[in-house]
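This is my_file_21.cif. It holds mmCIF, C-alpha atoms.
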```cif
data_start
loop_
_atom_site.label_atom_id
_atom_site.label_comp_id
_atom_site.auth_asym_id
_atom_site.auth_seq_id
_atom_site.Cartn_x
_atom_site.Cartn_y
_atom_site.Cartn_z
CA MET X 1 9.14 -11.28 17.59
CA PHE X 2 8.11 -13.69 20.34
CA LYS X 3 4.59 -14.09 18.98
CA LEU X 4 5.77 -14.87 15.46
CA GLU X 5 8.39 -17.20 16.93
CA GLU X 6 5.66 -19.13 18.80
CA ILE X 7 3.58 -19.36 15.62
CA GLN X 8 6.65 -20.49 13.67
CA LYS X 9 7.53 -23.19 16.22
CA LYS X 10 4.00 -24.57 16.16
CA TYR X 11 3.20 -24.31 12.42
CA THR X 12 6.49 -23.75 10.51
CA ILE X 13 4.98 -21.00 8.38
CA ILE X 14 8.24 -19.54 7.02
CA LYS X 15 10.85 -21.71 5.32
CA LYS X 16 14.31 -21.13 3.85
CA GLY X 17 14.11 -19.41 0.49
CA ASN X 18 10.55 -18.11 1.06
CA ASN X 19 9.33 -14.67 0.07
CA VAL X 20 7.61 -12.93 3.00
CA LEU X 21 5.50 -9.76 3.06
CA ASP X 22 5.30 -8.14 6.51
CA LEU X 23 2.42 -5.66 6.91
CA GLY X 24 2.81 -3.33 9.88
CA CYS X 25 6.49 -4.22 10.14
CA ALA X 26 7.74 -1.52 12.54
CA PRO X 27 9.72 -1.62 14.74
CA GLY X 28 11.26 -4.45 12.73
CA SER X 29 11.61 -7.56 14.90
CA TRP X 30 9.28 -9.63 12.67
CA LEU X 31 11.28 -8.46 9.63
CA LEU X 32 14.57 -9.56 11.17
CA TYR X 33 13.17 -12.88 12.35
CA SER X 34 11.59 -13.57 8.93
CA ALA X 35 14.86 -12.64 7.19
CA ASP X 36 16.80 -15.06 9.40
CA LEU X 37 14.32 -17.85 8.60
CA THR X 38 14.28 -17.25 4.83
CA GLY X 39 18.02 -16.82 4.52
CA SER X 40 19.61 -14.84 1.72
CA ALA X 41 17.86 -16.99 -0.90
CA GLY X 42 14.55 -15.54 0.30
CA ARG X 43 13.08 -12.07 0.06
CA VAL X 44 11.39 -10.10 2.84
CA VAL X 45 9.39 -6.93 2.21
CA GLY X 46 7.99 -4.79 5.02
CA ILE X 47 5.49 -1.93 4.97
CA ASP X 48 4.50 0.35 7.84
CA LEU X 49 3.31 3.88 8.54
CA VAL X 50 6.29 4.31 10.85
CA PRO X 51 9.88 4.15 9.57
CA VAL X 52 11.86 1.07 10.54
CA THR X 53 15.08 2.11 12.26
CA VAL X 54 16.77 -1.29 12.72
CA ASN X 55 19.46 -2.39 10.31
CA VAL X 56 18.03 -5.01 7.97
CA HIS X 57 19.65 -7.73 5.87
CA SER X 58 20.40 -7.13 2.19
CA HIS X 59 17.44 -9.32 1.13
CA VAL X 60 14.98 -7.11 3.05
CA ARG X 61 13.17 -4.09 1.60
CA VAL X 62 11.16 -1.68 3.71
CA TYR X 63 8.54 0.84 2.56
CA THR X 64 7.14 3.59 4.76
CA ASN X 65 3.56 4.06 3.66
CA ASP X 66 -0.08 3.49 4.59
CA ILE X 67 -1.29 0.17 3.17
CA ILE X 68 -4.83 1.53 3.09
CA LEU X 69 -3.78 4.30 0.70
CA MET X 70 -1.64 2.08 -1.54
CA ASP X 71 -3.32 0.69 -4.64
CA ASP X 72 -3.33 -2.83 -6.09
CA ASP X 73 -0.79 -1.76 -8.72
CA PHE X 74 1.80 -1.12 -5.99
CA PHE X 75 1.22 -4.53 -4.46
CA LYS X 76 1.30 -6.21 -7.87
CA SER X 77 4.64 -4.45 -8.50
CA LEU X 78 6.00 -6.18 -5.39
CA GLY X 79 5.16 -9.48 -7.01
CA THR X 80 2.58 -12.20 -6.68
CA ASP X 81 5.10 -14.76 -5.52
CA PHE X 82 5.00 -14.32 -1.75
CA ASN X 83 4.86 -17.58 0.17
CA VAL X 84 3.78 -15.88 3.40
CA VAL X 85 2.01 -12.64 4.32
CA VAL X 86 2.17 -11.66 8.00
CA SER X 87 0.28 -8.82 9.60
CA ASP X 88 0.85 -7.67 13.15
CA MET X 89 -0.98 -4.42 12.42
CA ALA X 90 -3.08 -2.84 15.12
CA PRO X 91 -5.11 0.34 15.07
CA SER X 92 -4.41 3.24 17.38
CA THR X 93 -6.59 2.11 20.26
CA THR X 94 -9.28 4.37 21.67
CA GLY X 95 -10.18 2.47 24.84
CA ASN X 96 -13.60 1.71 23.35
CA LYS X 97 -13.47 -2.08 22.87
CA PHE X 98 -16.20 -2.09 20.21
CA LEU X 99 -14.53 0.64 18.15
CA ASP X 100 -11.06 -0.87 18.59
CA SER X 101 -12.23 -4.30 17.42
CA THR X 102 -14.00 -2.71 14.43
CA LEU X 103 -10.84 -0.80 13.47
CA SER X 104 -8.81 -4.00 13.85
CA PHE X 105 -11.30 -5.87 11.65
CA ASP X 106 -10.93 -3.23 8.92
CA LEU X 107 -7.13 -3.54 9.00
CA CYS X 108 -7.41 -7.32 8.86
CA LEU X 109 -9.67 -7.19 5.82
CA SER X 110 -7.13 -4.93 4.11
CA ALA X 111 -4.35 -7.39 4.98
CA LEU X 112 -6.43 -10.28 3.63
CA THR X 113 -7.09 -8.39 0.38
CA ILE X 114 -3.36 -7.74 0.00
CA ALA X 115 -2.65 -11.42 0.70
CA GLN X 116 -5.09 -12.39 -2.06
CA VAL X 117 -3.17 -10.17 -4.52
CA THR X 118 0.40 -11.06 -3.47
CA LEU X 119 0.35 -14.67 -2.22
CA CYS X 120 1.18 -17.52 -4.53
CA THR X 121 -1.12 -20.54 -4.64
CA GLY X 122 -0.54 -22.60 -1.51
CA GLY X 123 0.79 -19.59 0.45
CA SER X 124 0.11 -18.84 4.11
CA PHE X 125 -1.28 -15.84 6.00
CA VAL X 126 -0.83 -14.77 9.63
CA CYS X 127 -2.96 -11.91 10.92
CA LYS X 128 -3.51 -10.34 14.33
CA ILE X 129 -7.09 -9.33 15.09
CA PHE X 130 -8.80 -7.94 18.16
CA GLN X 131 -11.71 -10.23 19.01
CA GLY X 132 -15.07 -8.56 18.71
CA GLU X 133 -18.38 -8.74 16.87
CA ASP X 134 -16.70 -9.07 13.46
CA PHE X 135 -14.37 -11.93 14.44
CA LYS X 136 -16.54 -14.68 12.93
CA THR X 137 -16.96 -12.66 9.74
CA PHE X 138 -13.19 -12.41 9.42
CA ILE X 139 -12.78 -16.16 10.03
CA ASP X 140 -15.33 -16.82 7.28
CA SER X 141 -13.39 -14.51 4.94
CA VAL X 142 -10.14 -16.36 5.68
CA ARG X 143 -11.91 -19.69 5.17
CA SER X 144 -13.05 -18.56 1.71
CA VAL X 145 -9.45 -17.83 0.62
CA PHE X 146 -7.50 -20.65 2.30
CA LYS X 147 -7.86 -24.44 2.39
CA ASN X 148 -7.37 -24.52 6.18
CA HIS X 149 -7.11 -22.08 9.05
CA LYS X 150 -6.18 -22.01 12.73
CA ILE X 151 -6.82 -19.60 15.56
CA PHE X 152 -3.81 -19.09 17.82
CA LYS X 153 -3.30 -17.16 21.06
CA PRO X 154 0.44 -16.93 21.77
CA LYS X 155 1.59 -17.44 25.34
CA SER X 156 3.51 -14.17 24.98
CA SER X 157 0.19 -12.26 24.60
CA ARG X 158 -1.21 -10.78 27.79
CA LYS X 159 -4.07 -12.90 29.10
CA ALA X 160 -6.41 -9.89 29.23
CA SER X 161 -5.54 -8.90 25.66
CA LYS X 162 -8.23 -9.30 23.00
CA GLU X 163 -5.58 -9.93 20.35
CA ILE X 164 -5.52 -13.29 18.66
CA TYR X 165 -3.88 -14.57 15.48
CA VAL X 166 -5.69 -16.13 12.56
CA ILE X 167 -3.54 -18.29 10.33
CA GLY X 168 -4.56 -19.31 6.84
CA PHE X 169 -2.83 -22.27 5.16
CA GLY X 170 -2.87 -23.16 1.48
CA LYS X 171 -4.17 -20.20 -0.48
CA LYS X 172 -6.71 -21.52 -2.98
#
```
How does this structure look as structure tokens?
Amino acid sequence: MFKLEEIQKKYTIIKKGNNVLDLGCAPGSWLLYSADLTGSAGRVVGIDLVPVTVNVHSHVRVYTNDIILMDDDFFKSLGTDFNVVVSDMAPSTTGNKFLDSTLSFDLCLSALTIAQVTLCTGGSFVCKIFQGEDFKTFIDSVRSVFKNHKIFKPKSSRKASKEIYVIGFGKK
């Protein structure tokens, strides 16, 4: 939650009444934080491979599934009215930095594709990526979908960590 909280304090991504889609939502801290920010007038939907075991608010829905295996029809059924899509997904790391960054890039592209389907015009996107060879390619992809973007390294991230967050503002 601390990383999303830092992003929220700096950029105010999530507002009261917003609809938020949380990709890779387990264990659930981002879900709870998003639900507190949106309030009961908002809607928060989380998806993860791993079941979420925390008690969630009544305006939160959680699905246990693999986003890679879910089709566009499922995401369209969730609605195309999300104000924010957040992704804290990370691959199972192998210790091979090149492979790990490539796997992270693939997850990020999937998250970006889902954001394109589910975000309303003007919506925002927050995505964790492991820096590697494909980082610039991902930034270019975000730039093509959003009016503006920022790169953010939360203070709560370990200094040695290759993780960084890319934030897209104003879906075109």
### Task
Using the chain letters and residue numbers of this document, give as a list in words the residues selected by the PyMOL selection byres ((chain X and resi 92) around 12).
Leu49, Met89, Ala90, Pro91, Thr93, Thr94, Gly95, Asn96, Lys97, Leu99, Asp100, Ser101, Thr102, Leu103, Ser104 and Leu107 of chain X
### Task
Please write the residues picked by the PyMOL selection byres ((chain X and resi 8) around 12) on this file as a PyMOL selection string.
chain X and resi 1-7+9-15+30+33-34+37+84+86+124-126+152+154+167
### Message
Taking 2 positions as the minimum chain separation for residues in the same chain, which residues sit within 10 Å of Phe135 of chain X when counting all atoms listed in the file? Answer as an MDAnalysis selection string.
### Response
chainID X and resid 101:102 104:105 129:133 137:141 164 166
### Task
Within 12 Å of Thr38 of chain X, counting only C-alpha atoms, which residues show up once you throw out same-chain ones fewer than 2 positions away? Write them as a list in words, please.
Thr12, Ile13, Ile14, Lys15, Lys16, Gly17, Asn18, Asn19, Val20, Leu21, Leu31, Leu32, Tyr33, Ser34, Ala35, Asp36, Ser40, Ala41, Gly42, Arg43, Val44, Val45, His57, His59, Val60, Phe82, Asn83 and Val84 of chain X
### Message
What does the structure give for the distance between atom CA of Arg158 of chain X and atom CA of Lys128 of chain X, in Å to one decimal?
### Response
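Taking atom CA of Arg158 of chain X and atom CA of Lys128 of chain X, their separation equals 13.7 Å.
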#### Entry: Option closest in space to Gly46 of chain X, from X:Lys155, X:Arg61, X:Lys171, X:Lys162 [counting only C-alpha atoms]
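Using only C-alpha atoms, the shortest distance to Gly46 of chain X belongs to X:Arg61.
With distances restricted to all atoms listed in the file, X:Cys108 is the closest residue to Val142 of chain X from X:Cys108, X:Leu119, X:Val52, X:Ile68.
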Skip Asn65 of chain X itself and residues of its chain fewer than 3 positions away, then list as an mmCIF file with C-alpha atoms, in the frame of the given file all residues within 12 Å of it, counting all atoms listed in the file.
```
data_model
loop_
_atom_site.group_PDB
_atom_site.id
_atom_site.type_symbol
_atom_site.label_atom_id
_atom_site.label_comp_id
_atom_site.auth_asym_id
_atom_site.auth_seq_id
_atom_site.Cartn_x
_atom_site.Cartn_y
_atom_site.Cartn_z
ATOM 1 C CA LEU X 23 2.420 -5.660 6.910
ATOM 2 C CA GLY X 24 2.810 -3.330 9.880
ATOM 3 C CA CYS X 25 6.490 -4.220 10.140
ATOM 4 C CA ALA X 26 7.740 -1.520 12.540
ATOM 5 C CA GLY X 46 7.990 -4.790 5.020
ATOM 6 C CA ILE X 47 5.490 -1.930 4.970
ATOM 7 C CA ASP X 48 4.500 0.350 7.840
ATOM 8 C CA LEU X 49 3.310 3.880 8.540
ATOM 9 C CA VAL X 50 6.290 4.310 10.850
ATOM 10 C CA PRO X 51 9.880 4.150 9.570
ATOM 11 C CA VAL X 52 11.860 1.070 10.540
ATOM 12 C CA VAL X 62 11.160 -1.680 3.710
ATOM 13 C CA ILE X 68 -4.830 1.530 3.090
ATOM 14 C CA LEU X 69 -3.780 4.300 0.700
ATOM 15 C CA MET X 70 -1.640 2.080 -1.540
ATOM 16 C CA ASP X 71 -3.320 0.690 -4.640
ATOM 17 C CA PHE X 74 1.800 -1.120 -5.990
#
```
### Message
Since I can't run it myself right now, could you work out what the PyMOL selection byres ((chain X and resi 149) around 6) selects here and report it as an NGL selection string?
### Response
:X and (148 or 150 or 167-169)
Residues as selected, C-alpha atoms, written as a compact mmCIF listing (two decimals), in the frame of the given file, can you do that?
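Saved file result.txt follows:
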```txt
# COMPACT_ATOMS: atom_id res chain seq x y z
CA ASN X 148 -7.37 -24.52 6.18
CA LYS X 150 -6.18 -22.01 12.73
CA ILE X 167 -3.54 -18.29 10.33
CA GLY X 168 -4.56 -19.31 6.84
CA PHE X 169 -2.83 -22.27 5.16
```
### Task
Please indicate the distance in Å from atom CA of Val56 of chain X to atom CA of Cys120 of chain X, rounded to one decimal place.
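Interatomic distance, atom CA of Val56 of chain X to atom CA of Cys120 of chain X: 24.4 Å.
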### Message
From the options X:Asp134, X:Val54, X:Ser161, X:Phe146, which residue's atoms come nearest to Phe98 of chain X, counting all atoms listed in the file?
### Response
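Among X:Asp134, X:Val54, X:Ser161, X:Phe146, it is X:Asp134 that comes nearest to Phe98 of chain X.
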### Query
Could you work out how far atom CA of Arg143 of chain X lies from atom CA of Gly122 of chain X, giving the answer in Å with one decimal?
13.5 Å
Repair of segment 8-26 of chain X at the level of N, CA, C and O atoms, as a PDB file, in the frame of the given file:
```pdb
ATOM      1  N   GLN X   8       5.700 -19.759  14.508  1.00  0.00           N
ATOM      2  CA  GLN X   8       6.650 -20.490  13.670  1.00  0.00           C
ATOM      3  C   GLN X   8       6.972 -21.864  14.270  1.00  0.00           C
ATOM      4  O   GLN X   8       6.997 -22.864  13.555  1.00  0.00           O
ATOM      5  N   LYS X   9       7.197 -21.916  15.575  1.00  0.00           N
ATOM      6  CA  LYS X   9       7.530 -23.190  16.220  1.00  0.00           C
ATOM      7  C   LYS X   9       6.375 -24.184  16.120  1.00  0.00           C
ATOM      8  O   LYS X   9       6.585 -25.376  15.963  1.00  0.00           O
ATOM      9  N   LYS X  10       5.156 -23.685  16.196  1.00  0.00           N
ATOM     10  CA  LYS X  10       4.000 -24.570  16.160  1.00  0.00           C
ATOM     11  C   LYS X  10       3.621 -24.985  14.730  1.00  0.00           C
ATOM     12  O   LYS X  10       3.242 -26.125  14.491  1.00  0.00           O
ATOM     13  N   TYR X  11       3.730 -24.049  13.771  1.00  0.00           N
ATOM     14  CA  TYR X  11       3.200 -24.310  12.420  1.00  0.00           C
ATOM     15  C   TYR X  11       4.220 -24.267  11.286  1.00  0.00           C
ATOM     16  O   TYR X  11       3.855 -24.552  10.144  1.00  0.00           O
ATOM     17  N   THR X  12       5.452 -23.865  11.536  1.00  0.00           N
ATOM     18  CA  THR X  12       6.490 -23.750  10.510  1.00  0.00           C
ATOM     19  C   THR X  12       5.958 -23.041   9.259  1.00  0.00           C
ATOM     20  O   THR X  12       5.911 -23.602   8.167  1.00  0.00           O
ATOM     21  N   ILE X  13       5.567 -21.823   9.456  1.00  0.00           N
ATOM     22  CA  ILE X  13       4.980 -21.000   8.380  1.00  0.00           C
ATOM     23  C   ILE X  13       6.045 -20.569   7.372  1.00  0.00           C
ATOM     24  O   ILE X  13       5.828 -20.616   6.171  1.00  0.00           O
ATOM     25  N   ILE X  14       7.200 -20.112   7.869  1.00  0.00           N
ATOM     26  CA  ILE X  14       8.240 -19.540   7.020  1.00  0.00           C
ATOM     27  C   ILE X  14       9.377 -20.553   6.870  1.00  0.00           C
ATOM     28  O   ILE X  14       9.871 -21.099   7.858  1.00  0.00           O
ATOM     29  N   LYS X  15       9.782 -20.755   5.614  1.00  0.00           N
ATOM     30  CA  LYS X  15      10.850 -21.710   5.320  1.00  0.00           C
ATOM     31  C   LYS X  15      11.997 -21.020   4.586  1.00  0.00           C
ATOM     32  O   LYS X  15      11.817 -19.932   4.035  1.00  0.00           O
ATOM     33  N   LYS X  16      13.142 -21.660   4.584  1.00  0.00           N
ATOM     34  CA  LYS X  16      14.310 -21.130   3.850  1.00  0.00           C
ATOM     35  C   LYS X  16      13.929 -20.886   2.404  1.00  0.00           C
ATOM     36  O   LYS X  16      13.247 -21.693   1.785  1.00  0.00           O
ATOM     37  N   GLY X  17      14.367 -19.735   1.884  1.00  0.00           N
ATOM     38  CA  GLY X  17      14.110 -19.410   0.490  1.00  0.00           C
ATOM     39  C   GLY X  17      12.741 -18.805   0.218  1.00  0.00           C
ATOM     40  O   GLY X  17      12.453 -18.427  -0.910  1.00  0.00           O
ATOM     41  N   ASN X  18      11.889 -18.696   1.244  1.00  0.00           N
ATOM     42  CA  ASN X  18      10.550 -18.110   1.060  1.00  0.00           C
ATOM     43  C   ASN X  18      10.624 -16.612   0.811  1.00  0.00           C
ATOM     44  O   ASN X  18      11.597 -15.943   1.171  1.00  0.00           O
ATOM     45  N   ASN X  19       9.564 -16.102   0.204  1.00  0.00           N
ATOM     46  CA  ASN X  19       9.330 -14.670   0.070  1.00  0.00           C
ATOM     47  C   ASN X  19       8.238 -14.301   1.064  1.00  0.00           C
ATOM     48  O   ASN X  19       7.173 -14.929   1.069  1.00  0.00           O
ATOM     49  N   VAL X  20       8.520 -13.306   1.911  1.00  0.00           N
ATOM     50  CA  VAL X  20       7.610 -12.930   3.000  1.00  0.00           C
ATOM     51  C   VAL X  20       7.270 -11.453   2.892  1.00  0.00           C
ATOM     52  O   VAL X  20       8.157 -10.610   2.727  1.00  0.00           O
ATOM     53  N   LEU X  21       5.981 -11.131   3.009  1.00  0.00           N
ATOM     54  CA  LEU X  21       5.500  -9.760   3.060  1.00  0.00           C
ATOM     55  C   LEU X  21       5.015  -9.491   4.479  1.00  0.00           C
ATOM     56  O   LEU X  21       4.145 -10.202   4.987  1.00  0.00           O
ATOM     57  N   ASP X  22       5.600  -8.487   5.126  1.00  0.00           N
ATOM     58  CA  ASP X  22       5.300  -8.140   6.510  1.00  0.00           C
ATOM     59  C   ASP X  22       4.551  -6.806   6.535  1.00  0.00           C
ATOM     60  O   ASP X  22       5.137  -5.754   6.281  1.00  0.00           O
ATOM     61  N   LEU X  23       3.262  -6.857   6.842  1.00  0.00           N
ATOM     62  CA  LEU X  23       2.420  -5.660   6.910  1.00  0.00           C
ATOM     63  C   LEU X  23       2.394  -5.151   8.347  1.00  0.00           C
ATOM     64  O   LEU X  23       2.086  -5.909   9.262  1.00  0.00           O
ATOM     65  N   GLY X  24       2.709  -3.871   8.524  1.00  0.00           N
ATOM     66  CA  GLY X  24       2.810  -3.330   9.880  1.00  0.00           C
ATOM     67  C   GLY X  24       4.116  -3.758  10.513  1.00  0.00           C
ATOM     68  O   GLY X  24       4.146  -4.235  11.644  1.00  0.00           O
ATOM     69  N   CYS X  25       5.213  -3.608   9.780  1.00  0.00           N
ATOM     70  CA  CYS X  25       6.490  -4.220  10.140  1.00  0.00           C
ATOM     71  C   CYS X  25       7.283  -3.504  11.224  1.00  0.00           C
ATOM     72  O   CYS X  25       8.213  -4.097  11.787  1.00  0.00           O
ATOM     73  N   ALA X  26       6.973  -2.242  11.520  1.00  0.00           N
ATOM     74  CA  ALA X  26       7.740  -1.520  12.540  1.00  0.00           C
ATOM     75  C   ALA X  26       7.427  -2.096  13.928  1.00  0.00           C
ATOM     76  O   ALA X  26       6.298  -2.543  14.152  1.00  0.00           O
TER      77      ALA X  26
END
```
